[in-house]
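Asks: I have a structure I would like to understand better, so I am pasting it below and will then ask my questions one at a time.
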Amino acid sequence: MSQVRVLGELAVLDDVGPPRRGRAYPAAGATSALLLPAAVLLGGLVLWPVLRTMHASVTTDGRWVGAEHFRTALAAPGTGAVVGRTVLWALLVPAVVTALGYLLAAASRRSQEGGLVRLILLVPVALPLVVTGVTFRLMYDPDPRRGLATLVAARLTGRSYDDAPQLLGPGLVTVALMSAFVWAWVGLAVLVFRSALDAVPSSLADAVRAYGGGRRHVLWDAQWRPLLLRTTAVVFALVAVGTSRTFDLILVMTPGSVRDEASVLALRIWQTSGGTTTGDGAALGVVWLVAVVGGIMVAALFVRQAWPPPRAEAAPEPGPVAPPRRVFRLLAAGAAIAWLVPLGVLVATSAHGRVDAAARGWWSAPPNGESYRDLITGTELWRTLGFTLLLASAVTATVLVVALLAAYPLAWLTGPAAQATGLVLLAASVVPIQVIAGPVNEVLGLVLSSGTAQGLALVHIALGVPFAVLVLRNAFADLPVEQVRDARLGGRRWWHTLRRLARHNLSAVVAVSVLEFVQVWNDLVVGRLFSGPGASPLGPFLAEQTRSFVSNSGALAASSVLASVLPVVLVVLSRRHLVAGLVSGGVR
């Protein structure tokens with residue numbers, strides 16, 4: 001934009017438009033300053049630790065050893081089973097979540113009870129995985145007098161209490177863990193598929209039927225090919241990345257005696273090296289890192305599209321869609337009831353005191369609220385909740401500011417540079433923290449004291465910035481030219497323009513803020529690796545109580561309920577913004 005005098009009057013020449021948009025914002029001198037905070041965070045706490053881990057995997061005390069650490073790590077007892085179990089998680093669970101998410105989205109569409117069904121399915125998405133682990137460990141308790149699922153399995157199989165199937169035993173523990181993960185993630189898949197189904201014009205289905213097509217042709221030609229193929233790839237990739245972070249669930253839900261039978265790479269690397277850098281642990285970390293980043297890159301290329309995306313003409317409002325058949329509506333209602341059972345078990349257990357919850361099932365005695373009274377009158381939980389609230393708020397505010405500054409210049413890149421930037425941000429957002437924990441601790445030792453609240457916040461910020469930048473960059477680039485021009489003309493400085501652009505992208509800003517807040521609030525692994533005695537967040541606090549799970553189950557259930565209220569409220573209230581942010585920010 002430039003200002004010149006025409007016939008004695010000041011005129012503003014706006015050069016914003018599709019042909020020149022790549023060099024319209026911001027001024028070249030400000031770009032480096034805007035990108036500097038994100039570059040420092042990602043370079044110091046993501047890129048360098050990744051390179052340090054890769055170096056440690058092929059050296060010993062600075063001496064090159066090649067593939068020795070890889071051979072030793074992969075030849076260790078049980079490593080083959082751990083790798084195979086990790087692959088099973090990465091393939092089977094996303095497939096189940098994707099298929100079930102589509103079926104429930106279609107079944108709950110355009111029906112009176114559909115909104116309530118989707119709301120029920122969404123609640124587990126907001127729960128910390130620690131709370132999910134607590135919930136299903138209560139359900140799968142090996143004693144039928146306490147575990148509802150074990151009691152039902154014993155009745156169905158006609159076995160006695162002493163011979164009841166052990167759902168958390170060596171043979172079924174992985175299946176039990178997968179069932180808990182599916183329960184937690186299906187709601188997200190339902191929301192994304194519902195958004196995609198609503199975006200499909202009904203005229204496509206009418207055109208297919210006009211040419212004699214049946215239900216199969218409508219599904220393939222009017223839904224799958226135009227939109228659902230891309231949506232399926234996005235959902236599968238999101239869930240696959242989520243399965244690489246099952247550390248919380250396995251650590252909390254599995255008894256210590258069967259943890260090795262449930263172990264995956266996330267847990268094995270933590271057991272091998274913890275917060276330090278060792279050769280064998282680094283080798284396993286590199287294997288895991290290559291698998292995770294490689295998988296997400298393949299998914300990203302599969303759903304790639306032109307950049308910036310072409311602006312579509314305003315589409316007509318979707319026409320009326322017939323409600324699903326009765327059998328599908330019954331399926332949706334049945335799923336909603338099934339999804340309520342674990343929540344009911346958690347709440348019912350929390351209403352009992354320490355003795356009642358440990359000695360018998362919640363259905364065997366009336367609730368007395370003793371666990372809640374003990375927690376409310378105590379100070380430990382409130383102190384932990386207060387610290388976690390401050391931590392999550394500070395991290396969210398910092399991530400949002402850094403991401404907005406970086407997204408502003410990156411949004412106007414075009415061609416290969418824009419595609420490469422998106423892939424780098426996507427790769428940085430899925431780096432498992434266990435892989436780089438040792439080098440990150442080394443960096444924190446140079447700039448801060450390890451185990452402090454500042455160091456913990458810094459790690460969360462570095463891990464949250466890549467995905468936040470990716471979402472906001474895509475949201476800025478999606479803006480119509482008219483809105484960009486208005487923001488440019490109305491802003492006297494670049495920060496005024498940025499503020500106006502953020503206002504136009506309120507959904508993306510809300511999505512980034514809520515996702516980051518909930519991520520920090522629900523975290524266990526970062527807190528476990530980088531917190532100290534004076535900086536202990538909620539996740540490690542809850543996980544510590546699981547050491548004496550049976551005797552502490554009442555207080556643990558009550559703590560889990562109180563810890564889940566805030567993230568559930570945030571996710572439920574912002575669900576529309578979350579879907580919009582994930583769909584626009586995760587596919588380019």
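Ordering of the structure tokens sets the chain letters (A, B, ...), residue numbers begin anew at 1 in every chain, and ligands are numbered from 1 in the order given.
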Among the residues of range 87-140 of chain A, find those DSSP assigns to helix (DSSP H, G or I) from the backbone and print them as an MDAnalysis selection string.
Replies: chainID A and resid 87:107 114:126 129:139
Asks: Store the residues picked out above in a file with N, CA and C atoms, as a CSV table (one decimal), in the first residue's frame.
Replies:
```csv
chain,number,residue,atom,x,y,z
A,87,VAL,N,3.0,-50.4,16.1
A,87,VAL,CA,2.4,-50.4,14.8
A,87,VAL,C,0.9,-50.7,14.8
A,88,LEU,N,0.6,-51.7,15.6
A,88,LEU,CA,-0.9,-52.1,15.7
A,88,LEU,C,-1.7,-50.9,16.2
A,89,TRP,N,-1.2,-50.2,17.2
A,89,TRP,CA,-1.9,-49.0,17.7
A,89,TRP,C,-2.1,-48.0,16.5
A,90,ALA,N,-1.0,-47.8,15.8
A,90,ALA,CA,-1.0,-46.7,14.7
A,90,ALA,C,-1.9,-47.1,13.5
A,91,LEU,N,-2.2,-48.3,13.3
A,91,LEU,CA,-3.0,-48.7,12.2
A,91,LEU,C,-4.5,-49.1,12.6
A,92,LEU,N,-4.6,-50.0,13.6
A,92,LEU,CA,-5.9,-50.5,13.9
A,92,LEU,C,-6.8,-49.5,14.6
A,93,VAL,N,-6.3,-48.8,15.6
A,93,VAL,CA,-7.1,-47.8,16.4
A,93,VAL,C,-7.6,-46.7,15.5
A,94,PRO,N,-6.7,-46.0,14.7
A,94,PRO,CA,-7.3,-45.0,13.8
A,94,PRO,C,-8.3,-45.5,12.8
A,95,ALA,N,-8.1,-46.7,12.3
A,95,ALA,CA,-9.2,-47.3,11.4
A,95,ALA,C,-10.5,-47.5,12.1
A,96,VAL,N,-10.5,-48.0,13.4
A,96,VAL,CA,-11.7,-48.1,14.1
A,96,VAL,C,-12.4,-46.8,14.5
A,97,VAL,N,-11.6,-45.8,14.9
A,97,VAL,CA,-12.1,-44.5,15.2
A,97,VAL,C,-12.7,-43.8,14.0
A,98,THR,N,-12.0,-43.9,12.9
A,98,THR,CA,-12.5,-43.3,11.6
A,98,THR,C,-13.8,-43.9,11.2
A,99,ALA,N,-13.8,-45.3,11.1
A,99,ALA,CA,-15.0,-45.9,10.7
A,99,ALA,C,-16.2,-45.7,11.6
A,100,LEU,N,-16.0,-45.8,12.9
A,100,LEU,CA,-17.0,-45.5,13.9
A,100,LEU,C,-17.5,-44.1,13.9
A,101,GLY,N,-16.5,-43.2,13.7
A,101,GLY,CA,-16.9,-41.7,13.7
A,101,GLY,C,-17.7,-41.4,12.5
A,102,TYR,N,-17.4,-42.0,11.3
A,102,TYR,CA,-18.3,-41.7,10.1
A,102,TYR,C,-19.7,-42.3,10.3
A,103,LEU,N,-19.8,-43.5,10.8
A,103,LEU,CA,-21.1,-44.2,11.0
A,103,LEU,C,-21.9,-43.4,12.0
A,104,LEU,N,-21.4,-42.9,13.1
A,104,LEU,CA,-22.1,-42.2,14.1
A,104,LEU,C,-22.5,-40.8,13.6
A,105,ALA,N,-21.6,-40.2,12.8
A,105,ALA,CA,-21.9,-38.9,12.2
A,105,ALA,C,-23.1,-39.0,11.3
A,106,ALA,N,-23.1,-40.0,10.4
A,106,ALA,CA,-24.2,-40.2,9.5
A,106,ALA,C,-25.5,-40.6,10.2
A,107,ALA,N,-25.3,-41.4,11.3
A,107,ALA,CA,-26.5,-41.8,12.0
A,107,ALA,C,-27.1,-40.7,12.9
A,114,GLY,N,-29.9,-36.1,17.4
A,114,GLY,CA,-28.6,-36.0,16.9
A,114,GLY,C,-27.7,-35.1,17.7
A,115,GLY,N,-28.2,-33.9,18.0
A,115,GLY,CA,-27.3,-32.9,18.7
A,115,GLY,C,-26.9,-33.4,20.1
A,116,LEU,N,-27.9,-34.1,20.8
A,116,LEU,CA,-27.6,-34.6,22.1
A,116,LEU,C,-26.6,-35.8,22.0
A,117,VAL,N,-26.7,-36.6,21.0
A,117,VAL,CA,-25.8,-37.7,20.8
A,117,VAL,C,-24.4,-37.2,20.6
A,118,ARG,N,-24.2,-36.2,19.7
A,118,ARG,CA,-22.9,-35.6,19.5
A,118,ARG,C,-22.3,-35.0,20.7
A,119,LEU,N,-23.1,-34.3,21.5
A,119,LEU,CA,-22.6,-33.7,22.7
A,119,LEU,C,-22.1,-34.7,23.7
A,120,ILE,N,-22.8,-35.8,23.8
A,120,ILE,CA,-22.4,-36.9,24.7
A,120,ILE,C,-21.0,-37.5,24.2
A,121,LEU,N,-20.9,-37.7,22.9
A,121,LEU,CA,-19.7,-38.3,22.4
A,121,LEU,C,-18.5,-37.3,22.5
A,122,LEU,N,-18.8,-36.0,22.5
A,122,LEU,CA,-17.8,-35.0,22.6
A,122,LEU,C,-17.1,-34.9,23.9
A,123,VAL,N,-17.8,-35.2,25.0
A,123,VAL,CA,-17.3,-35.0,26.4
A,123,VAL,C,-16.0,-35.7,26.6
A,124,PRO,N,-15.9,-37.0,26.2
A,124,PRO,CA,-14.6,-37.7,26.5
A,124,PRO,C,-13.4,-37.0,25.8
A,125,VAL,N,-13.6,-36.3,24.7
A,125,VAL,CA,-12.5,-35.7,24.0
A,125,VAL,C,-11.8,-34.7,24.9
A,126,ALA,N,-12.5,-34.0,25.8
A,126,ALA,CA,-12.0,-33.0,26.6
A,126,ALA,C,-11.3,-33.5,27.9
A,129,LEU,N,-6.3,-37.7,29.4
A,129,LEU,CA,-6.1,-39.1,29.3
A,129,LEU,C,-5.8,-39.8,30.6
A,130,VAL,N,-5.3,-39.0,31.6
A,130,VAL,CA,-5.1,-39.6,33.0
A,130,VAL,C,-6.5,-39.9,33.5
A,131,VAL,N,-7.5,-39.0,33.3
A,131,VAL,CA,-8.8,-39.3,33.8
A,131,VAL,C,-9.5,-40.4,33.1
A,132,THR,N,-9.3,-40.5,31.8
A,132,THR,CA,-9.8,-41.6,31.0
A,132,THR,C,-9.2,-42.9,31.5
A,133,GLY,N,-7.9,-42.9,31.8
A,133,GLY,CA,-7.3,-44.1,32.4
A,133,GLY,C,-7.9,-44.5,33.7
A,134,VAL,N,-8.1,-43.5,34.6
A,134,VAL,CA,-8.7,-43.8,35.9
A,134,VAL,C,-10.1,-44.4,35.7
A,135,THR,N,-10.9,-43.8,34.8
A,135,THR,CA,-12.3,-44.2,34.5
A,135,THR,C,-12.3,-45.7,34.1
A,136,PHE,N,-11.5,-46.0,33.1
A,136,PHE,CA,-11.6,-47.4,32.6
A,136,PHE,C,-10.9,-48.4,33.6
A,137,ARG,N,-10.0,-48.0,34.4
A,137,ARG,CA,-9.4,-48.9,35.4
A,137,ARG,C,-10.4,-49.2,36.4
A,138,LEU,N,-11.3,-48.2,36.8
A,138,LEU,CA,-12.4,-48.5,37.7
A,138,LEU,C,-13.4,-49.5,37.1
A,139,MET,N,-13.7,-49.3,35.8
A,139,MET,CA,-14.6,-50.2,35.1
A,139,MET,C,-14.1,-51.6,35.0
```
Asks: Work out how far apart CA of Ser548 in chain A and CA of Pro142 in chain A are and give it in Å to one decimal.
Replies: 14.9 Å
Asks: What lies within 12 Å of Pro533 in chain A using only C-alpha atoms, ignoring chain neighbours under 2 positions off, as an mmCIF file with C-alpha atoms, in the first residue's frame?
Replies:
```cif
data_model
loop_
_atom_site.group_PDB
_atom_site.id
_atom_site.type_symbol
_atom_site.label_atom_id
_atom_site.label_comp_id
_atom_site.auth_asym_id
_atom_site.auth_seq_id
_atom_site.Cartn_x
_atom_site.Cartn_y
_atom_site.Cartn_z
ATOM 1 C CA THR A 384 -2.401 -27.939 42.179
ATOM 2 C CA SER A 450 15.577 -27.538 35.502
ATOM 3 C CA GLY A 451 12.320 -28.403 37.243
ATOM 4 C CA THR A 452 11.064 -24.811 37.559
ATOM 5 C CA ALA A 453 7.692 -23.441 36.538
ATOM 6 C CA GLY A 527 4.902 -32.417 33.621
ATOM 7 C CA ARG A 528 6.383 -35.788 34.490
ATOM 8 C CA PHE A 530 10.165 -31.341 33.404
ATOM 9 C CA SER A 531 8.308 -30.361 36.592
ATOM 10 C CA ALA A 535 6.041 -26.788 40.004
ATOM 11 C CA SER A 536 3.829 -29.861 39.917
ATOM 12 C CA PRO A 537 0.810 -29.588 37.568
ATOM 13 C CA PRO A 540 1.464 -35.773 37.660
ATOM 14 C CA PHE A 541 -0.620 -35.043 40.779
#
```
Asks: Would you kindly return, as a list in words, each protein, DNA or RNA residue with an atom no farther than 6 Å from any atom of His577 in chain A, considering only C-alpha atoms and excluding same-chain residues fewer than 2 positions away?
Replies: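 The residues that qualify are Ser507, Ala511, Ser574, Arg575, Val579 and Ala580 of chain A.
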Asks: Would you export the selected residues with N, CA and C atoms as a compact mmCIF listing (two decimals), in the first residue's frame, please?
Replies:
```
# COMPACT_ATOMS: atom_id res chain seq x y z
N SER A 507 -12.69 -17.58 14.77
CA SER A 507 -12.83 -19.02 14.99
C SER A 507 -11.46 -19.68 15.14
N ALA A 511 -10.03 -21.49 18.45
CA ALA A 511 -9.63 -22.89 18.37
C ALA A 511 -8.22 -23.08 18.90
N SER A 574 -16.93 -24.35 22.76
CA SER A 574 -16.20 -23.89 21.57
C SER A 574 -16.13 -24.96 20.49
N ARG A 575 -17.01 -25.95 20.52
CA ARG A 575 -16.88 -27.10 19.62
C ARG A 575 -16.94 -26.69 18.14
N VAL A 579 -13.78 -27.46 15.40
CA VAL A 579 -13.90 -28.19 14.14
C VAL A 579 -13.42 -27.34 12.98
N ALA A 580 -13.83 -26.07 12.96
CA ALA A 580 -13.40 -25.18 11.87
C ALA A 580 -11.88 -25.03 11.85
```
Asks: Here is a test: counting only C-alpha atoms, which residue of A:Val58, A:Ala189, A:Ala233, A:Ala180 is nearest to Leu249 in chain A?
Replies: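 Of the candidates, the smallest distance to Leu249 in chain A is held by A:Ala180.
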Asks: Might you pull out every residue within 12 Å of Leu42 in chain A, with only C-alpha atoms counted and same-chain residues fewer than 4 positions away left off, and present them as a PyMOL selection string?
Replies: chain A and resi 35-38+46-50+399+402-403+406+424-425+427-429+431+440+458-467+469
Asks: For a test of reading the model, state the distance in Å between CA of Met253 in chain A and CA of Phe181 in chain A, rounded to one decimal.
Replies: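 These atoms are spaced 11.1 Å apart.
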Asks: Hey, can you check how far CA of Leu168 in chain A sits from CA of Gly256 in chain A?
Replies: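 One can read the CA of Leu168 in chain A to CA of Gly256 in chain A distance as 10.6 Å.
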Asks: What lies within 9 Å of Gly281 in chain A using only C-alpha atoms, ignoring chain neighbours under 3 positions off, as a VMD selection string?
Replies: chain A and resid 53 57 69 73 268 to 274 276 to 278 284 to 286 435
Asks: Out of A:Asn505, A:Thr349, A:Thr86, A:Thr59, which residue has the shortest atom-to-atom distance to Gly242 in chain A when counting only C-alpha atoms?
Replies: A:Thr86
Asks: Got a sec: who's within 10 Å of Asp162 in chain A, counting only C-alpha atoms, leaving out chain neighbours fewer than 5 positions off, as a VMD selection string?
Replies: chain A and resid 142 to 144 154
Asks: Give me a file of those residues, with C-alpha atoms, as a PDB file, in the first residue's frame.
Replies:
```pdb
ATOM      1  CA  PRO A 142     -10.242 -57.344  38.215  1.00  0.00           C
ATOM      2  CA  ASP A 143     -12.507 -57.823  41.242  1.00  0.00           C
ATOM      3  CA  PRO A 144     -16.145 -58.206  40.048  1.00  0.00           C
ATOM      4  CA  ALA A 154     -18.465 -62.899  34.549  1.00  0.00           C
TER       5      ALA A 154
END
```
Asks: In terms of the shortest atom-to-atom distance over only C-alpha atoms, which of A:Leu41, A:Gly187, A:Ala282, A:Ala164 is closest to Ala437 in chain A?
Replies: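 Ranked by minimum distance to Ala437 in chain A, first place goes to A:Ala282.
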Asks: Of the residues A:Val471, A:Leu529, A:Leu191, A:Ala153, which is the one nearest to Asn441 in chain A, using only C-alpha atoms?
Replies: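 Nearest candidate to Asn441 in chain A out of A:Val471, A:Leu529, A:Leu191, A:Ala153: A:Leu529.
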